Every structure is written in structure tokens, then in C-alpha cells.
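This is protein02.csv (CSV, C-alpha atoms and all ligand atoms).
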```csv
chain,number,residue,atom,x,y,z
B,1,MET,CA,-22.3,264.4,163.6
B,2,THR,CA,-22.0,262.7,167.0
B,3,HIS,CA,-24.0,262.0,170.1
B,4,ASP,CA,-21.9,260.3,172.7
B,5,ASN,CA,-23.9,261.3,175.8
B,6,LYS,CA,-21.5,264.1,176.4
B,7,VAL,CA,-21.3,266.2,173.3
B,8,ILE,CA,-23.7,266.7,170.4
B,9,SER,CA,-22.8,268.1,167.1
B,10,ASN,CA,-26.1,269.2,165.6
B,11,THR,CA,-26.7,270.6,162.1
B,12,ARG,CA,-29.8,272.7,161.9
B,13,VAL,CA,-31.6,274.6,159.2
B,14,LEU,CA,-32.8,278.2,159.8
B,15,ILE,CA,-35.4,280.1,157.7
B,16,SER,CA,-35.3,283.9,157.3
B,17,LYS,CA,-38.5,285.9,157.4
B,18,ILE,CA,-40.0,285.8,153.9
B,19,PRO,CA,-41.8,289.0,152.8
B,20,GLU,CA,-45.5,288.8,151.8
B,21,GLY,CA,-46.0,288.0,148.2
B,22,ILE,CA,-42.7,285.9,147.8
B,23,ALA,CA,-42.7,282.1,147.5
B,24,PRO,CA,-39.9,280.4,149.5
B,25,ASN,CA,-36.7,279.7,147.6
B,26,LYS,CA,-33.3,278.2,148.7
B,27,SER,CA,-31.9,281.7,149.5
B,28,HIS,CA,-34.3,281.9,152.5
B,29,PHE,CA,-32.6,279.0,154.2
B,30,ARG,CA,-29.2,278.4,155.7
B,31,SER,CA,-27.7,275.7,157.9
B,32,VAL,CA,-25.5,276.0,161.0
B,33,THR,CA,-23.7,273.3,163.0
B,34,ILE,CA,-23.6,273.7,166.8
B,35,THR,CA,-21.4,271.5,169.0
B,36,GLU,CA,-22.7,271.6,172.6
B,37,PRO,CA,-23.0,269.4,175.7
B,38,ALA,CA,-25.8,266.8,175.5
B,39,PRO,CA,-28.8,268.1,177.5
B,40,VAL,CA,-29.4,266.8,181.0
B,41,LEU,CA,-33.0,265.8,180.8
B,42,LYS,CA,-35.7,266.7,183.4
B,43,GLU,CA,-38.8,264.7,184.2
B,44,ASN,CA,-40.8,263.7,181.0
B,45,GLU,CA,-38.3,265.2,178.6
B,46,ILE,CA,-36.8,263.2,175.7
B,47,LEU,CA,-33.9,263.6,173.3
B,48,VAL,CA,-34.5,262.2,169.8
B,49,GLN,CA,-32.4,261.6,166.7
B,50,ASN,CA,-34.4,262.7,163.7
B,51,LEU,CA,-34.6,260.2,160.9
B,52,VAL,CA,-37.2,261.1,158.2
B,53,PHE,CA,-38.7,264.6,158.0
B,54,SER,CA,-42.1,265.1,156.6
B,55,LEU,CA,-42.3,268.3,154.4
B,56,ASP,CA,-45.7,269.9,154.8
B,57,PRO,CA,-47.0,273.0,153.1
B,58,TYR,CA,-47.9,274.9,156.3
B,59,ILE,CA,-44.4,274.9,157.7
B,60,ARG,CA,-43.4,278.3,156.5
B,61,TYR,CA,-46.0,279.9,158.7
B,62,GLU,CA,-44.5,278.6,161.9
B,63,PHE,CA,-42.5,281.8,162.4
B,64,PRO,CA,-42.1,283.5,165.9
B,65,GLU,CA,-43.5,287.0,166.1
B,66,GLY,CA,-40.9,289.7,165.7
B,67,ALA,CA,-38.0,287.4,164.6
B,68,THR,CA,-36.1,287.8,161.4
B,69,GLU,CA,-34.7,284.2,161.4
B,70,SER,CA,-35.9,281.1,163.1
B,71,PRO,CA,-35.4,277.3,163.4
B,72,VAL,CA,-38.0,275.4,161.3
B,73,LEU,CA,-40.5,273.2,163.1
B,74,GLY,CA,-41.8,270.2,161.2
B,75,PHE,CA,-42.9,266.6,161.8
B,76,CYS,CA,-40.5,263.7,161.7
B,77,ILE,CA,-40.1,260.0,162.4
B,78,ALA,CA,-37.4,259.9,165.1
B,79,GLN,CA,-35.7,257.5,167.5
B,80,VAL,CA,-35.5,258.2,171.2
B,81,ILE,CA,-31.9,258.3,172.3
B,82,ASP,CA,-32.3,259.6,175.9
B,83,SER,CA,-35.4,259.7,178.0
B,84,LYS,CA,-36.9,260.7,181.3
B,85,ASN,CA,-40.4,259.7,180.0
B,86,PRO,CA,-41.7,256.2,180.5
B,87,ALA,CA,-44.0,256.5,177.5
B,88,PHE,CA,-41.0,257.0,175.2
B,89,PRO,CA,-38.1,254.7,176.3
B,90,VAL,CA,-34.7,254.8,174.6
B,91,GLY,CA,-34.8,253.1,171.3
B,92,ALA,CA,-38.5,253.8,170.7
B,93,LYS,CA,-39.6,255.1,167.2
B,94,VAL,CA,-41.9,258.1,167.5
B,95,SER,CA,-43.6,260.7,165.4
B,96,SER,CA,-42.2,263.9,166.8
B,97,PRO,CA,-42.5,267.6,166.4
B,98,SER,CA,-38.8,268.3,165.6
B,99,HIS,CA,-36.9,271.2,164.2
B,100,TRP,CA,-35.1,270.7,160.9
B,101,GLU,CA,-32.0,269.4,162.7
B,102,GLN,CA,-30.3,266.1,163.5
B,103,TYR,CA,-31.2,265.9,167.3
B,104,THR,CA,-34.1,267.5,169.1
B,105,HIS,CA,-34.5,268.0,172.8
B,106,ILE,CA,-38.3,267.9,173.4
B,107,ARG,CA,-39.1,269.6,176.7
B,108,ASP,CA,-42.1,271.9,176.1
B,109,PRO,CA,-45.2,270.1,177.5
B,110,TYR,CA,-47.2,271.0,174.5
B,111,TYR,CA,-44.7,269.5,172.1
B,112,LEU,CA,-44.3,266.4,174.4
B,113,SER,CA,-48.1,266.0,174.1
B,114,GLU,CA,-47.7,265.8,170.3
B,115,VAL,CA,-45.1,263.0,170.4
B,116,GLN,CA,-46.7,259.7,169.3
B,117,ALA,CA,-45.2,256.3,170.0
B,118,LEU,CA,-45.2,254.3,166.7
B,119,GLY,CA,-44.4,250.9,168.3
B,120,ASP,CA,-47.9,249.5,168.3
B,121,ILE,CA,-49.0,251.2,165.1
B,122,VAL,CA,-46.2,250.4,162.6
B,123,ASP,CA,-46.9,247.5,160.3
B,124,PRO,CA,-43.5,246.0,159.3
B,125,LYS,CA,-44.6,245.5,155.7
B,126,ILE,CA,-45.1,249.3,155.3
B,127,PRO,CA,-42.1,251.7,155.0
B,128,LEU,CA,-41.8,254.1,158.0
B,129,SER,CA,-42.0,257.1,155.7
B,130,ALA,CA,-45.7,256.2,155.1
B,131,TYR,CA,-46.3,257.2,158.7
B,132,ASN,CA,-45.5,260.8,157.7
B,133,GLY,CA,-48.1,260.7,154.9
B,134,VAL,CA,-50.8,258.2,154.0
B,135,LEU,CA,-50.8,256.8,157.5
B,136,GLY,CA,-49.8,260.0,159.3
B,137,ALA,CA,-51.7,263.2,160.0
B,138,PRO,CA,-52.3,264.0,156.3
B,139,GLY,CA,-54.0,260.6,155.8
B,140,PHE,CA,-56.0,260.9,158.9
B,141,THR,CA,-57.1,264.4,157.8
B,142,VAL,CA,-58.6,263.0,154.6
B,143,TRP,CA,-60.2,260.0,156.2
B,144,ASP,CA,-61.8,262.0,159.0
B,145,SER,CA,-62.9,265.0,156.8
B,146,LEU,CA,-64.6,262.7,154.3
B,147,ASN,CA,-66.3,260.8,157.1
B,148,SER,CA,-67.2,263.7,159.3
B,149,ILE,CA,-68.3,266.4,156.9
B,150,GLY,CA,-68.3,264.7,153.5
B,151,ASN,CA,-71.6,262.7,153.7
B,152,LEU,CA,-70.4,260.8,150.6
B,153,LYS,CA,-73.0,258.8,148.8
B,154,LYS,CA,-72.6,256.1,146.2
B,155,GLY,CA,-73.1,257.4,142.6
B,156,GLU,CA,-72.1,261.0,143.4
B,157,THR,CA,-69.3,262.8,141.7
B,158,ILE,CA,-66.4,264.3,143.6
B,159,TYR,CA,-63.7,266.6,142.3
B,160,ILE,CA,-60.4,266.9,144.1
B,161,SER,CA,-57.8,269.6,143.4
B,162,SER,CA,-54.1,268.8,143.9
B,163,ALA,CA,-55.2,265.2,143.5
B,164,ALA,CA,-51.7,263.8,143.1
B,165,GLY,CA,-50.5,265.3,146.4
B,166,THR,CA,-50.4,263.6,149.8
B,167,LEU,CA,-54.0,264.3,150.7
B,168,GLY,CA,-55.5,264.2,147.2
B,169,GLN,CA,-54.2,260.6,146.4
B,170,LEU,CA,-56.0,259.2,149.4
B,171,ALA,CA,-59.1,261.3,149.0
B,172,GLY,CA,-59.7,260.0,145.5
B,173,GLN,CA,-59.1,256.4,146.5
B,174,LEU,CA,-61.4,256.5,149.6
B,175,ALA,CA,-64.1,258.2,147.5
B,176,LYS,CA,-63.8,255.5,144.8
B,177,ARG,CA,-64.1,252.8,147.4
B,178,LYS,CA,-67.4,254.4,148.5
B,179,GLY,CA,-68.7,254.2,144.9
B,180,LEU,CA,-68.3,257.8,143.8
B,181,ARG,CA,-67.2,259.0,140.4
B,182,VAL,CA,-63.8,260.7,141.0
B,183,ILE,CA,-62.3,263.5,139.1
B,184,GLY,CA,-58.9,265.0,139.9
B,185,SER,CA,-56.5,267.7,138.7
B,186,ALA,CA,-52.7,268.0,139.0
B,187,GLY,CA,-49.9,270.2,137.6
B,188,THR,CA,-48.1,267.8,135.2
B,189,ASP,CA,-49.2,265.2,132.6
B,190,GLU,CA,-47.2,262.6,134.4
B,191,LYS,CA,-49.3,263.2,137.6
B,192,VAL,CA,-52.5,263.2,135.6
B,193,ALA,CA,-51.5,259.8,134.0
B,194,PHE,CA,-50.7,258.4,137.5
B,195,LEU,CA,-54.2,259.5,138.8
B,196,LYS,CA,-56.0,257.8,135.9
B,197,ASN,CA,-53.8,254.7,135.3
B,198,GLU,CA,-52.6,253.8,138.8
B,199,LEU,CA,-55.1,255.3,141.3
B,200,GLY,CA,-58.2,254.6,139.2
B,201,PHE,CA,-59.6,258.1,138.9
B,202,ASP,CA,-62.4,258.3,136.4
B,203,ALA,CA,-61.1,261.5,134.9
B,204,ALA,CA,-58.2,263.8,135.5
B,205,PHE,CA,-56.7,266.9,133.8
B,206,ASN,CA,-53.7,269.1,133.9
B,207,TYR,CA,-54.8,272.4,135.5
B,208,LYS,CA,-51.7,274.2,134.2
B,209,THR,CA,-52.0,273.4,130.5
B,210,LEU,CA,-55.8,273.3,130.1
B,211,ASP,CA,-58.5,275.9,130.7
B,212,LYS,CA,-59.7,274.7,134.1
B,213,ARG,CA,-63.4,275.7,133.5
B,214,VAL,CA,-63.5,273.8,130.2
B,215,ALA,CA,-61.7,270.8,131.4
B,216,LEU,CA,-63.7,270.4,134.6
B,217,THR,CA,-67.0,271.1,132.9
B,218,GLU,CA,-66.2,268.3,130.4
B,219,ALA,CA,-65.1,265.9,133.1
B,220,VAL,CA,-68.2,266.5,135.2
B,221,GLY,CA,-70.5,266.0,132.2
B,222,LYS,CA,-74.3,265.9,132.5
B,223,ALA,CA,-74.2,264.3,136.0
B,224,GLY,CA,-72.9,267.5,137.5
B,225,LEU,CA,-70.8,267.8,140.6
B,226,ASP,CA,-71.8,266.8,144.1
B,227,ILE,CA,-68.6,267.5,146.1
B,228,TYR,CA,-65.6,269.7,145.6
B,229,TYR,CA,-62.7,268.6,147.9
B,230,ASP,CA,-60.7,271.8,147.9
B,231,LEU,CA,-57.0,271.5,148.6
B,232,VAL,CA,-55.9,274.7,146.9
B,233,GLY,CA,-58.2,277.6,148.0
B,234,ASP,CA,-58.0,279.5,144.7
B,235,ASP,CA,-60.3,280.6,141.9
B,236,THR,CA,-61.2,277.0,141.2
B,237,VAL,CA,-63.9,277.2,143.8
B,238,GLU,CA,-65.8,279.6,141.5
B,239,ILE,CA,-66.0,277.0,138.7
B,240,ALA,CA,-67.1,274.4,141.3
B,241,LEU,CA,-69.8,276.7,142.5
B,242,ASP,CA,-71.2,276.9,139.0
B,243,LEU,CA,-71.0,273.1,138.4
B,244,LEU,CA,-72.3,271.8,141.8
B,245,ASN,CA,-75.7,270.1,141.9
B,246,GLN,CA,-78.5,271.0,144.3
B,247,ARG,CA,-77.4,270.3,147.9
B,248,GLY,CA,-73.8,269.9,146.8
B,249,ARG,CA,-70.9,270.3,149.2
B,250,ILE,CA,-67.5,272.1,149.2
B,251,LEU,CA,-65.1,270.6,151.7
B,252,ALA,CA,-62.5,273.2,152.3
B,253,VAL,CA,-59.4,271.4,153.6
B,254,GLY,CA,-56.3,272.9,152.0
B,255,ILE,CA,-55.0,276.3,150.9
B,256,LEU,CA,-52.0,275.4,148.6
B,257,ALA,CA,-52.4,278.7,146.7
B,258,ALA,CA,-51.8,280.7,149.9
B,259,HIS,CA,-48.7,278.7,150.7
B,260,GLN,CA,-47.4,279.8,147.3
B,261,ASN,CA,-48.4,283.4,148.1
B,262,LYS,CA,-50.8,283.5,145.2
B,263,GLU,CA,-53.1,286.6,145.3
B,264,PRO,CA,-56.1,285.8,147.6
B,265,TYR,CA,-59.3,285.2,145.5
B,266,GLY,CA,-62.9,285.7,146.4
B,267,PRO,CA,-65.5,284.0,144.2
B,268,LYS,CA,-68.0,286.2,142.5
B,269,ASN,CA,-70.8,283.7,142.4
B,270,LEU,CA,-71.6,283.1,146.1
B,271,ALA,CA,-75.3,283.4,145.2
B,272,GLN,CA,-75.0,279.8,143.9
B,273,ILE,CA,-74.7,278.8,147.6
B,274,VAL,CA,-78.2,280.1,148.2
B,275,PHE,CA,-79.8,279.1,144.9
B,276,LYS,CA,-78.5,275.5,145.1
B,277,GLN,CA,-78.6,275.2,148.9
B,278,LEU,CA,-74.9,274.3,149.0
B,279,ARG,CA,-72.8,273.5,152.1
B,280,TYR,CA,-69.4,275.1,152.2
B,281,GLU,CA,-67.5,273.8,155.2
B,282,GLY,CA,-63.9,273.9,156.5
B,283,TYR,CA,-62.1,271.2,158.3
B,284,VAL,CA,-59.0,271.4,160.5
B,285,VAL,CA,-57.4,268.2,161.9
B,286,PHE,CA,-56.0,269.7,165.1
B,287,GLY,CA,-58.0,268.5,168.1
B,288,GLN,CA,-60.0,266.0,166.0
B,289,TYR,CA,-58.0,262.8,166.8
B,290,GLU,CA,-60.6,260.9,168.7
B,291,ASN,CA,-61.1,258.5,165.8
B,292,LEU,CA,-57.4,257.9,165.1
B,293,GLY,CA,-57.6,254.3,166.3
B,294,LYS,CA,-60.5,253.6,163.8
B,295,PHE,CA,-58.5,255.2,161.0
B,296,TYR,CA,-55.5,252.9,161.6
B,297,GLU,CA,-57.8,249.9,161.9
B,298,GLU,CA,-59.4,250.6,158.6
B,299,VAL,CA,-56.7,252.1,156.5
B,300,THR,CA,-53.5,250.2,157.6
B,301,PRO,CA,-54.6,246.8,156.1
B,302,LEU,CA,-55.6,248.5,152.9
B,303,VAL,CA,-52.2,250.1,152.5
B,304,ALA,CA,-50.4,246.9,153.5
B,305,SER,CA,-52.3,244.9,150.9
B,306,GLY,CA,-51.8,247.5,148.2
B,307,GLU,CA,-55.6,248.1,147.9
B,308,ILE,CA,-54.8,251.7,148.7
B,309,LYS,CA,-51.8,252.9,146.8
B,310,TYR,CA,-49.6,255.9,147.5
B,311,LYS,CA,-46.7,257.5,145.7
B,312,GLU,CA,-44.3,259.4,147.8
B,313,THR,CA,-40.8,260.9,147.4
B,314,VAL,CA,-38.1,259.9,149.8
B,315,LEU,CA,-34.9,262.0,149.4
B,316,ASN,CA,-32.0,260.4,151.2
B,317,GLN,CA,-29.7,263.4,151.8
B,318,GLY,CA,-28.3,265.8,154.4
B,319,VAL,CA,-30.4,267.8,156.8
B,320,GLU,CA,-28.8,271.0,155.4
B,321,THR,CA,-30.7,270.5,152.0
B,322,ILE,CA,-34.2,270.5,153.5
B,323,GLY,CA,-34.9,274.2,152.8
B,324,GLU,CA,-34.2,273.9,149.1
B,325,VAL,CA,-36.2,270.7,148.8
B,326,TYR,CA,-39.1,272.4,150.6
B,327,ALA,CA,-39.1,275.4,148.1
B,328,ASN,CA,-39.1,272.9,145.2
B,329,PHE,CA,-41.8,270.9,146.8
B,330,LEU,CA,-44.2,273.9,147.0
B,331,SER,CA,-43.7,274.6,143.3
B,332,GLY,CA,-44.9,271.0,142.4
B,333,ALA,CA,-41.5,269.4,141.7
B,334,TYR,CA,-42.3,266.1,143.4
B,335,VAL,CA,-45.2,263.6,143.4
B,336,GLY,CA,-47.0,262.9,146.7
B,337,LYS,CA,-45.6,263.1,150.1
B,338,VAL,CA,-42.1,264.5,150.2
B,339,ASN,CA,-39.8,263.0,152.9
B,340,VAL,CA,-36.2,263.9,153.6
B,341,GLN,CA,-34.4,261.0,155.2
B,342,ILE,CA,-31.3,262.2,157.1
B,343,ALA,CA,-30.2,259.0,159.0
B,344,GLU,CA,-30.4,255.3,158.8
B,345,LEU,CA,-33.8,253.9,159.8
V,401,LIG,N1,-57.2,271.0,157.1
V,401,LIG,C1,-56.3,270.3,157.7
V,401,LIG,O1,-56.3,269.9,158.8
V,401,LIG,C2,-55.1,269.9,156.8
V,401,LIG,C3,-54.2,268.8,157.2
V,401,LIG,C4,-53.1,268.5,156.4
V,401,LIG,C5,-52.9,269.3,155.2
V,401,LIG,N2,-53.8,270.3,154.9
V,401,LIG,C6,-53.6,271.1,153.8
V,401,LIG,O2,-54.0,270.4,152.6
V,401,LIG,C7,-53.3,270.9,151.5
V,401,LIG,C8,-52.7,269.8,150.7
V,401,LIG,O3,-51.6,269.3,151.5
V,401,LIG,P1,-50.7,268.1,150.8
V,401,LIG,O4,-49.7,267.7,151.9
V,401,LIG,O5,-51.5,267.1,150.2
V,401,LIG,O6,-49.9,268.9,149.8
V,401,LIG,P2,-49.5,268.4,148.3
V,401,LIG,O7,-50.7,268.4,147.5
V,401,LIG,O8,-48.7,267.2,148.5
V,401,LIG,O9,-48.6,269.7,148.0
V,401,LIG,C9,-47.7,269.9,147.1
V,401,LIG,C10,-48.4,269.9,145.7
V,401,LIG,O10,-49.3,271.0,145.7
V,401,LIG,C11,-49.5,271.3,144.3
V,401,LIG,N3,-49.7,272.8,144.3
V,401,LIG,C12,-48.9,273.7,144.7
V,401,LIG,N4,-49.5,274.9,144.5
V,401,LIG,C13,-50.7,274.7,143.9
V,401,LIG,C14,-51.7,275.5,143.5
V,401,LIG,N5,-51.7,276.9,143.6
V,401,LIG,N6,-52.8,275.0,142.9
V,401,LIG,C15,-52.9,273.6,142.8
V,401,LIG,N7,-51.9,272.8,143.2
V,401,LIG,C16,-50.8,273.3,143.8
V,401,LIG,C17,-48.3,270.8,143.6
V,401,LIG,O11,-48.7,269.9,142.7
V,401,LIG,P3,-49.1,270.2,141.2
V,401,LIG,O12,-48.0,269.7,140.3
V,401,LIG,O13,-50.4,269.4,141.1
V,401,LIG,O14,-49.3,271.7,141.1
V,401,LIG,C18,-47.4,270.2,144.7
V,401,LIG,O15,-46.9,269.0,144.3
V,401,LIG,C19,-52.3,272.0,152.0
V,401,LIG,O16,-52.8,273.3,151.9
V,401,LIG,C20,-52.1,271.5,153.5
V,401,LIG,O17,-51.7,272.6,154.3
V,401,LIG,C21,-54.8,270.6,155.7
```

What is this structure when it is put down as C-alpha cells?
Amino acid sequence: MTHDNKVISNTRVLISKIPEGIAPNKSHFRSVTITEPAPVLKENEILVQNLVFSLDPYIRYEFPEGATESPVLGFCIAQVIDSKNPAFPVGAKVSSPSHWEQYTHIRDPYYLSEVQALGDIVDPKIPLSAYNGVLGAPGFTVWDSLNSIGNLKKGETIYISSAAGTLGQLAGQLAKRKGLRVIGSAGTDEKVAFLKNELGFDAAFNYKTLDKRVALTEAVGKAGLDIYYDLVGDDTVEIALDLLNQRGRILAVGILAAHQNKEPYGPKNLAQIVFKQLRYEGYVVFGQYENLGKFYEEVTPLVASGEIKYKETVLNQGVETIGEVYANFLSGAYVGKVNVQIAEL
């Protein structure tokens, strides 16, 4: 692995096209090492060394039409090692759309527009990996979706699925800070204990070992449910529709079941939306970044002081292992944001 301004030896992971109905596993990934001349940059282009990759559920869908094998595009904390762009000088730390590889030449204007300088944002008390998760696009998604479409009110009850994941952890804590009663579900007893004992959820249950309808009905109790923060997009929504109070809301933010290639599910009780005058609204973060500054202003000090907690996984290992880690991550093997660190920070 070298970059000496003349030659780059670059190890990269490729993903093969995964048939419909199959969850990704390690056999769908392979790594190759290419040694080639370092790119000669044109105006605005940068060359980055990738440091810490963020593993995100949507990644498997970034597949070019008609291809059978493709490089994998994800997000990464990276360091600029060559630059023709004054906004990103050599040495700068950036959040970068990078392929799963050691070095990425960013030249496409669209991808260049997605590079974010971290210099003014990073708080030295907070590990850089947090800028992939609680203080990255996932964290902003939660903060912005709750503020823009959540209409959270003190005393209400919110239920969050995949609550021990990157988005779920923050959603529960932000809702708690606004005075809501917070219920979460997760796929292991260890995650459930973490939600209750460390993040202060009022109730949590294991959706794999308990009957979801019984467990959620019990947790909700007489007060009923006011908001379902849906990160999974599966049959859970049918239970929520039955438990929601008048004027309740479903905030549809994630589709983890679809990433796992679970059979698509349509709720049979949509009439509840009419009877109870519910609001069922989707949220997508892309193009919604106008309040990013406010998010950093509000959430960074809370993370730095420990008032907002987050559990993440940082695996310090070779780039060639990312595919296997990704497949394990989708099946719930880790807690919180999963980062793969491939170089010294
Ligand atoms: N709308 C937007 O703009 C936006 C932005 C960012 C992310 N998202 C989406 O939000 C969702 C959550 O993202 P995340 O990064 O926070 O993921 P995450 O929850 O950290 O994802 C991994 C976890 O998902 C859980 N999981 C996997 N399959 C599941 C299923 N079928 N049902 C319930 N839980 C399941 C697993 O934990 P368990 O052990 O609990 O099963 C696993 O640990 C994803 O769909 C992501 O694409 C949306």
C-alpha cells in the first residue's frame, strides 16, 4: 500500500450483483489490488486517502444498470493527499463519497459537491468516527425528521423500531429530551438492556424473541401510541396502526426489512388512517441540508458532554474485509453505527 505521488497501490472491494430475494453474504464480495500511476488532477479534483468507512444499509442498491460486478460506493472520513480544489487543501479531513478502497480520486462534479470539509465542525473531544454516525448524515436525518415532520409534544408516547441502531439511538434520546415517553425494540437482549439502562428508554423489547403485538401493546399501555418512528418498513406498521391514538403520526424513515430482502408487506388495516385521522409521512434526507448548521450547534455540545450517548462499533482492519462486515452488519451482528477503520487517523 503506497502513495508516493508517482504510483498508487490501491486495494478495492467489488460487489457482485445479488439476485432479488437474497441477503448479501461474504461470497458476494471480492477484493482486488491495482497498482497504477497516481492521477494527474484537473481543476477542482481531489485525491483522498480513505480512513474510516461508514457502513450504511442502503449501500447494496448503489449498483450500475446492466453491470454484474461493481465497486461499492459509501461514505468515509478521509484525508486529502492531493488537491486542485482550494476548499479541500492537502491534509484536510473530509467526509467523502468514496469507493470501498484505500485511495479515491474524486472528479465527478456531483461527488465533489458531496465532499464536506470537517475542519470547522470537528470537536477534538469527539472521535472522528462519530462524524459518520450520530454527528453525520444519520444523526442529521433523525434530528431533522423529528423537527420537520414529527411535531413532537411533551407527554406523548413514541415507539422506535431498530432502536439500538444508528438512527434509533438518537431518535429515542432526542424524543426523551422533549419530554416524550419512549419505547424501542431491538433484536438482542443485550441491545434491549442498553436501551433501557444506558439510553433511558422507558420501555424496550426484543422483537425476535417476543410476540411484537403483545410486547408493544403492553409497553404502550392505556396511554396509547402517538408516534411510530419506523426504521424497518415491515409488518410492525400494522400493529402501530391499531395502537395509534387519534391524530397519531407514522414517520417513515427507514426500510431495514427491504435491505434484508424480506418479503414486502402491505398493512391490512389502512382504514385506521381514516378513522383516527392519522398522518403517515415519509422523510428522505437528500436535499434537506439547509438546517445542518443548527444541527451541529445543538447536538455537538450534547454529544461532547455525554448528555447524548451513542454506541458504535469501530473495526480496525483491512479494506478487503468490508464486504463480510457489511453482510454481518445487516443481519444485526453489531450495535449502533458500524465503522471500518482502514488507516491511522
Ligand atoms: N430517510 C433517510 O433519509 C435515511 C437516512 C439514513 C438512514 N435511513 C434508513 O434508516 C434505516 C436505519 O438505518 P441505521 O443506519 O440506523 O441502521 P441500523 O439500525 O444501525 O441497522 C442495522 C440494524 O438493523 C437491525 N435490523 C436489520 N434488519 C431488521 C429488520 N428486518 N427489522 C428490524 N431491525 C432490523 C439490526 O438490529 P437488530 O438486532 O435490532 O435486528 C441491525 O443491527 C435504514 O433503512 C436506513 O437506510 C434513512

* Asked: So, counting only C-alpha atoms, which residue among B:Ala203, B:Val338, B:Leu345, B:Ile158 is closest to Ala240 in chain B?
  ->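 Going through B:Ala203, B:Val338, B:Leu345, B:Ile158 one by one, the smallest distance to Ala240 in chain B is for B:Ile158.
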
* Asked: Could you state the separation of CA of Glu101 in chain B and CA of Val52 in chain B in Å, given to one decimal place?
  ->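 So the two atoms, CA of Glu101 in chain B and CA of Val52 in chain B, lie 10.8 Å apart.
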
* Contacts with ligand LIG 401 (chain V) at most 7 Å, all atoms listed in the file counted, listed as an MDAnalysis selection string -> chainID B and resid 56:58 137:138 141 161:168 185:188 231:232 234 253:257 259:260 262 283:286 329:337

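Look at Ile34 in chain B: the protein and nucleic acid residues within 9 Å of it, using all atoms listed in the file and passing over chain neighbours fewer than 4 places away, are Ile8, Ser9, Asn10, Thr11 and Arg12 of chain B.
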
Would you write out those residues with C-alpha atoms, as a CSV table (one decimal), keeping the file's coordinate frame?
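Okay, part_17.csv is ready:
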```
chain,number,residue,atom,x,y,z
B,8,ILE,CA,-23.7,266.7,170.4
B,9,SER,CA,-22.8,268.1,167.1
B,10,ASN,CA,-26.1,269.2,165.6
B,11,THR,CA,-26.7,270.6,162.1
B,12,ARG,CA,-29.8,272.7,161.9
```

* **Polymer residues at most 7 Å from Ile126 in chain B, all atoms listed in the file, same-chain spacing of 3 or more positions, as an MDAnalysis selection string** => chainID B and resid 123 130 304

* Please identify all polymer residues within 10 Å of Lys309 in chain B, counting all atoms listed in the file, omitting same-chain residues fewer than 5 positions from it, and present them as a list in words. => Val134, Gln169, Leu170, Gln173, Glu198, Leu199, Leu302, Val303 and Ala304 of chain B

* To do: Using CA of Lys6 in chain B and CA of Leu51 in chain B as the two end points, give the distance in Å to one decimal.
  =>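 Computed distance, CA of Lys6 in chain B to CA of Leu51 in chain B, equals 20.7 Å.
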
* Asked: Nearest to Ser305 in chain B among B:Lys222, B:Lys17, B:Lys125, B:Arg213, with distances taken over all atoms listed in the file: which residue is it?
  ->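 Selected residue with least distance to Ser305 in chain B: B:Lys125.
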
Report as a tab-separated table: every residue of range 1-113 of chain B with an atom at most 9 Å from range 118-121 of chain B, its closest pair of atoms, and their distance in Å to one decimal, counting all atoms listed in the file, with rows sorted by chain and ascending residue number.
```
residue	atom	partner	partner_atom	distance
B:Ile77	CA	B:Leu118	CA	8.8
B:Ala92	CA	B:Gly119	CA	7.0
B:Lys93	CA	B:Leu118	CA	5.7
B:Val94	CA	B:Leu118	CA	5.1
B:Ser95	CA	B:Leu118	CA	6.7
```

* Quick one: distance from CA of Pro97 in chain B to CA of Leu73 in chain B in Å, one decimal? ->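 A separation of 6.8 Å between them.
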
* Could you give me, as JSON, numbers by chain, the residues that have an atom at most 6 Å away from the point (-28.3, 271.5, 155.6) in the coordinates of the file, using all atoms listed in the file? => {"B": [13, 31, 318, 319, 320, 321]}

* Measuring atom to atom with all atoms listed in the file, identify which of B:Ala78, B:Ala215, B:Leu244, B:Val122 is nearest to Ser54 in chain B. =>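 Looking at the shortest contact to Ser54 in chain B, the residue is B:Ala78.
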
* Structure fact -> Of B:Val72, B:Ala204, B:Val115, B:Leu225, the one nearest to Glu190 in chain B when counting only C-alpha atoms is B:Ala204

Each residue of range 63-86 of chain B lying at most 12 Å from range 35-42 of chain B should get a row with its shortest atom-to-atom pair and the distance in Å to one decimal, counting all atoms listed in the file; could you produce that, ordered by chain and increasing number, as a tab-separated table?
```
residue	atom	partner	partner_atom	distance
B:Ile81	CA	B:Ala38	CA	10.9
B:Asp82	CA	B:Leu41	CA	7.9
B:Ser83	CA	B:Leu41	CA	7.1
B:Lys84	CA	B:Leu41	CA	6.4
B:Asn85	CA	B:Lys42	CA	9.1
```

* Asked: Leaving out Ala175 in chain B and any residue of its chain fewer than 5 positions from it, which residues lie within 10 Å of it when counting all atoms listed in the file, given as a VMD selection string?
  -> chain B and resid 143 146 150 152 to 154 156 to 159 170 180 to 182 201

How would the residues just chosen look if you wrote them out with C-alpha atoms as a JSON list (two decimals), in the coordinates of the input?
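The resulting file, result_9.json, is reproduced below:
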```
[["chain", "number", "residue", "atom", "x", "y", "z"],
["B", 143, "TRP", "CA", -60.20, 260.00, 156.20],
["B", 146, "LEU", "CA", -64.60, 262.70, 154.30],
["B", 150, "GLY", "CA", -68.30, 264.70, 153.50],
["B", 152, "LEU", "CA", -70.40, 260.80, 150.60],
["B", 153, "LYS", "CA", -73.00, 258.80, 148.80],
["B", 154, "LYS", "CA", -72.60, 256.10, 146.20],
["B", 156, "GLU", "CA", -72.10, 261.00, 143.40],
["B", 157, "THR", "CA", -69.30, 262.80, 141.70],
["B", 158, "ILE", "CA", -66.40, 264.30, 143.60],
["B", 159, "TYR", "CA", -63.70, 266.60, 142.30],
["B", 170, "LEU", "CA", -56.00, 259.20, 149.40],
["B", 180, "LEU", "CA", -68.30, 257.80, 143.80],
["B", 181, "ARG", "CA", -67.20, 259.00, 140.40],
["B", 182, "VAL", "CA", -63.80, 260.70, 141.00],
["B", 201, "PHE", "CA", -59.60, 258.10, 138.90]]
```

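Nearest-residue note for Val32 in chain B: choosing from B:Lys191, B:Val340, B:Gln102, B:Arg60, the minimum distance belongs to B:Gln102, counting only C-alpha atoms.
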